[in-house]
Structures are given as C-alpha cells and as structure tokens.
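Worksheet: one structure, shown below.
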Amino acid sequence: DFEYQKYLKEEFDDYIDWVKKNYNKYVVEVKKIVNHINVAVSSYYKSDFISAIREIKKVVDKDNLLSCNARMENADYADALFKARVAESTENIKHKDMLHIPFDRRNIVSSQRFSLSGTPCIYLAKSSYTCWLELNKPEENKFFVSAFKLLKPKKFLDLTCLTWEELETENKSDVKAKLCTFPLIIATSFLVDENIGRPFHSEYIISELLMNAIAQSEKYDGVAYFSKKFSDKRRYYPINVCFALLAKFDTKKYTSDIEDFEWTEPMALREYSMINWEERYGEIVLNSGSAKAEEMEKTGPFTLIAENVAYNDTIMYDFDKWLMKKMKFMAGKNSPL
C-alpha cells in the first residue's frame with residue numbers, strides 16, 4: 001500500500017513519454033490531468049481532503065473526458081445489467097432490497113473502490129458472473145441476482161478504455177478524450193498484494209475522490225469501469241464492465257431517481273439450477289463444428305473453474321438470459337425516512 005504513490009508516478013511517466021511519441025499535440029492537456037491527480041494524492045496523504053477533492057473536480061469539470069452516453073442509449077447494452085447480493089436463504093430477500101442499501105442504514109456502507117463511506121451506491125454489472133466474482137464467489141444458495149433496466153439513460157464517466165498502446169487502432173474521433181481519461185484509469189486500476197482486511201486502501205484514493213467530485217457535478221451520474229477480477233480486459237469485454245451510480249438523497253429511503261429503474265425479483269443461482277433442464281435451455285446444442293462453435297471461436301474462450309469454455313456455454317450465461325426474458329421487471333417504491 002505505501003508504494004502506491006511511487007508506482008503511480010512511474011506509470012504516469014511512462015504514459016506521458018508514450019503520448020509525446022504518438023500524440024504530442026495532446027501532451028500538454030494530459031500533463032495537466034496527471035498533475036491534478038498527483039497533487040490530489042499528495043494532499044490526501046496530508047489529510048487535506050478539501051484540496052484533494054478540488055484537484056479531481058478540476059479533472060471532472062473538463063470537457064474532454066470519455067463518456068458512455070452513446071452506449072447507454074442503446075437498449076441492448078443498457079438493459080443487460082445485473083445486481084447481486086449475498087444473503088442467507090432464510091433472509092427473505094425482496095425486490096426492494098436489490099436497489100441499494102437504504103439511507104436509514106447508511107451506517108453499514110463501507111468505503112470501496114468506487115463508493116464513499118456512508119453513501120449508498122447502486123452497483124451494476126454486465127453479467128451475473130462478474131457480480132459473482134466481485135462478491136468473492138459466494139455459494140450458489142447465497143448468491144441472489146436481479147436484472148436491471150435503465151428507463152432513462154444515465155451519464156457515466158467511461159473508464160473502460162483498454163490500454164493506451166491500443167489507441168492507435170481505435171476510432172480517431174475520440175482519441176483526445178481517451179488520452180485525457182486514461183490517467184484516471186491508471187490511478188484507479190492498481191492491484192495491491194495485501195488486499196484482505198485492510199481498513200485503508202491507497203489504490204482507492206482517486207476513485208473515492210472521483211465519486212466525491214461526481215456528487216458535486218451535473219455532468220455525470222456515476223462511472224463505468226472494468227472489474228479487476230479479470231486478467232484480460234479485452235478478452236472478456238463487455239461482461240467484465242461494472243457501473244457505480246451514487247444514490248441521490250432527498251429525505252426518502254431510496255434514491256430520488258428511483259423511477260428511472262426497473263428490476264426483477266431476486267433469484268438465487270441455486271434456485272435457477274433446479275429448473276427443469278429442457279425448460280431452461282429449450283434444446284441441447286452439441287458443440288461440434290456448429291454455428292455455436294464458430295461463435296465461441298469468435299468471442300474467444302472464457303476461463304471458468306479451470307476449464308477452457310466460452311461464457312455462452314456456462315450456466316451463468318443462461319441465468320442472465322433467464323432473468324431478462326422470463327422474470328418480470330417492476331418499478332421500485334420509495335417511502336419517507
């Protein structure tokens with residue numbers, strides 16, 4: 001943990017060198033953003049939190065960052081979202097329990113990668129498998145999932161650019177936005193070896209400051225980012241994408257924009273696995289030179305439980321489809337605190 005700042009600066013130096021060689025006309029803008037982030041970390045370590053937030057707000061307020069706006073207006077992308085909870089089967093998890101921790105229980109909200117202590121967030125992912133990994137692989141009977149729809153597009157700061165070396169092959173129209181956003185991706189994507197049981201995480205400093213800045217901004221509702229549980233981001237895209245939305249407080253129990261969401265009743269993976277095989281799958285397709293095999297080759301193998309299989313050959317892929325197609329989406333109800 002104490003090495004975070006040192007390695008962050010080294011990564012930034014390498015990145016700026018690369019920008020100079022490949023996109024020199026943008027290097028001044030990139031340097032400014034890098035400087036804001038470095039100052040924010042230094043201020044945070046000095047317990048000058050106001051200055052730290054101010055520095056990241058300067059980055060967020062810029063008009064040249066990458067957003068997910070176009071993608072979130074695509075129903076095929078925005079409607080395939082999932083949220084999960086770990087609970088005992090005896091807890092009787094209900095529809096209302098799947099939105100976010102209510103404001104009258106904010107005392108149990110801990111600091112996480114993209115959340116603030118005491119501030120509830122709505123965490124969504126592009127697959128139930130990503131939810132399962134993020135929750136540290138809970139038992140099937142304790143893993144409850146709901147599918148979500150966004151009835152109104154949400155504005156996300158997009159931290160899902162892959163690697164800066166690959167920018168040369170990307171759409172040239174948004175290269176500047178990607179170059180200016182990537183320092184935030186670097187700062188929020190560190191893996192720390194001693195990750196269990198630490199009350200403080202240096203690698204969360206910028207991500208938490210970012211959520212603070214977003215809370216004060218009207219430009220974004222949250223962030224889109226890659227789960228750090230996957231070793232190869234490109235190979236698993238888009239199922240490895242996560243979203244963090246700040247719940248909006250307005251003297252009610254749940255977020256004031258609750259009408260912007262619909263979601264299904266929660267279902268445990270164990271319950272799904274007990275549904276009749278033919279009812280779940282419709283028909284069994286043997287993967288031997290079929291179109292499905294070609295699709296598997298196109299999407300790439302997906303390593304799951306030490307086996308080399310495609311995600312669309314896993315029970316969780318079918319679980320995702322079942323939740324979206326068979327379960328009823330319902331609006332949430334708010335109530336005074």
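Scheme for the structure tokens: letters A, B, ... for chains in order shown; per-chain residue numbers from 1; ligand numbers from 1 in order shown.
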
Legend entry - Within 12 Å of Leu184 in chain A using only C-alpha atoms, minus same-chain residues under 4 positions, as a PyMOL selection string: chain A and resi 8+11-12+15+30+33-38+40+56+59-60+65-66+157-161+177-180+188-190+203-210+223-225

Legend entry - Polymer residues at most 6 Å from range 252-268 of chain A, only C-alpha atoms, same-chain spacing of 5 or more positions, as a list in words: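 Returned residues: His95, Pro102, Phe103, Asn141, Phe143, Phe144, Val145, Ser146, Ala147, Phe148, Lys149, Leu150, Leu151, Lys152, Ala247, Lys328, Phe329, Met330, Ala331, Asn334, Ser335, Pro336 and Leu337 of chain A.
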
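Of the listed residues A:Tyr44, A:Phe82, A:Trp322, A:Tyr4, the one whose atoms come nearest to Ile122 in chain A is A:Phe82, with distances taken using only C-alpha atoms.
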
Inset, instruction - Could you give me, as an MDAnalysis selection string, each residue of range 69-183 of chain A that DSSP assigns to strand (DSSP E) when run on this structure's backbone? - result: chainID A and resid 81:86 121:125 143:150 156:159

Legend entry - Between CA of Phe230 in chain A and CA of Thr130 in chain A - distance in Å to one decimal: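 Pair CA of Thr130 in chain A / CA of Phe230 in chain A returns 8.7 Å.
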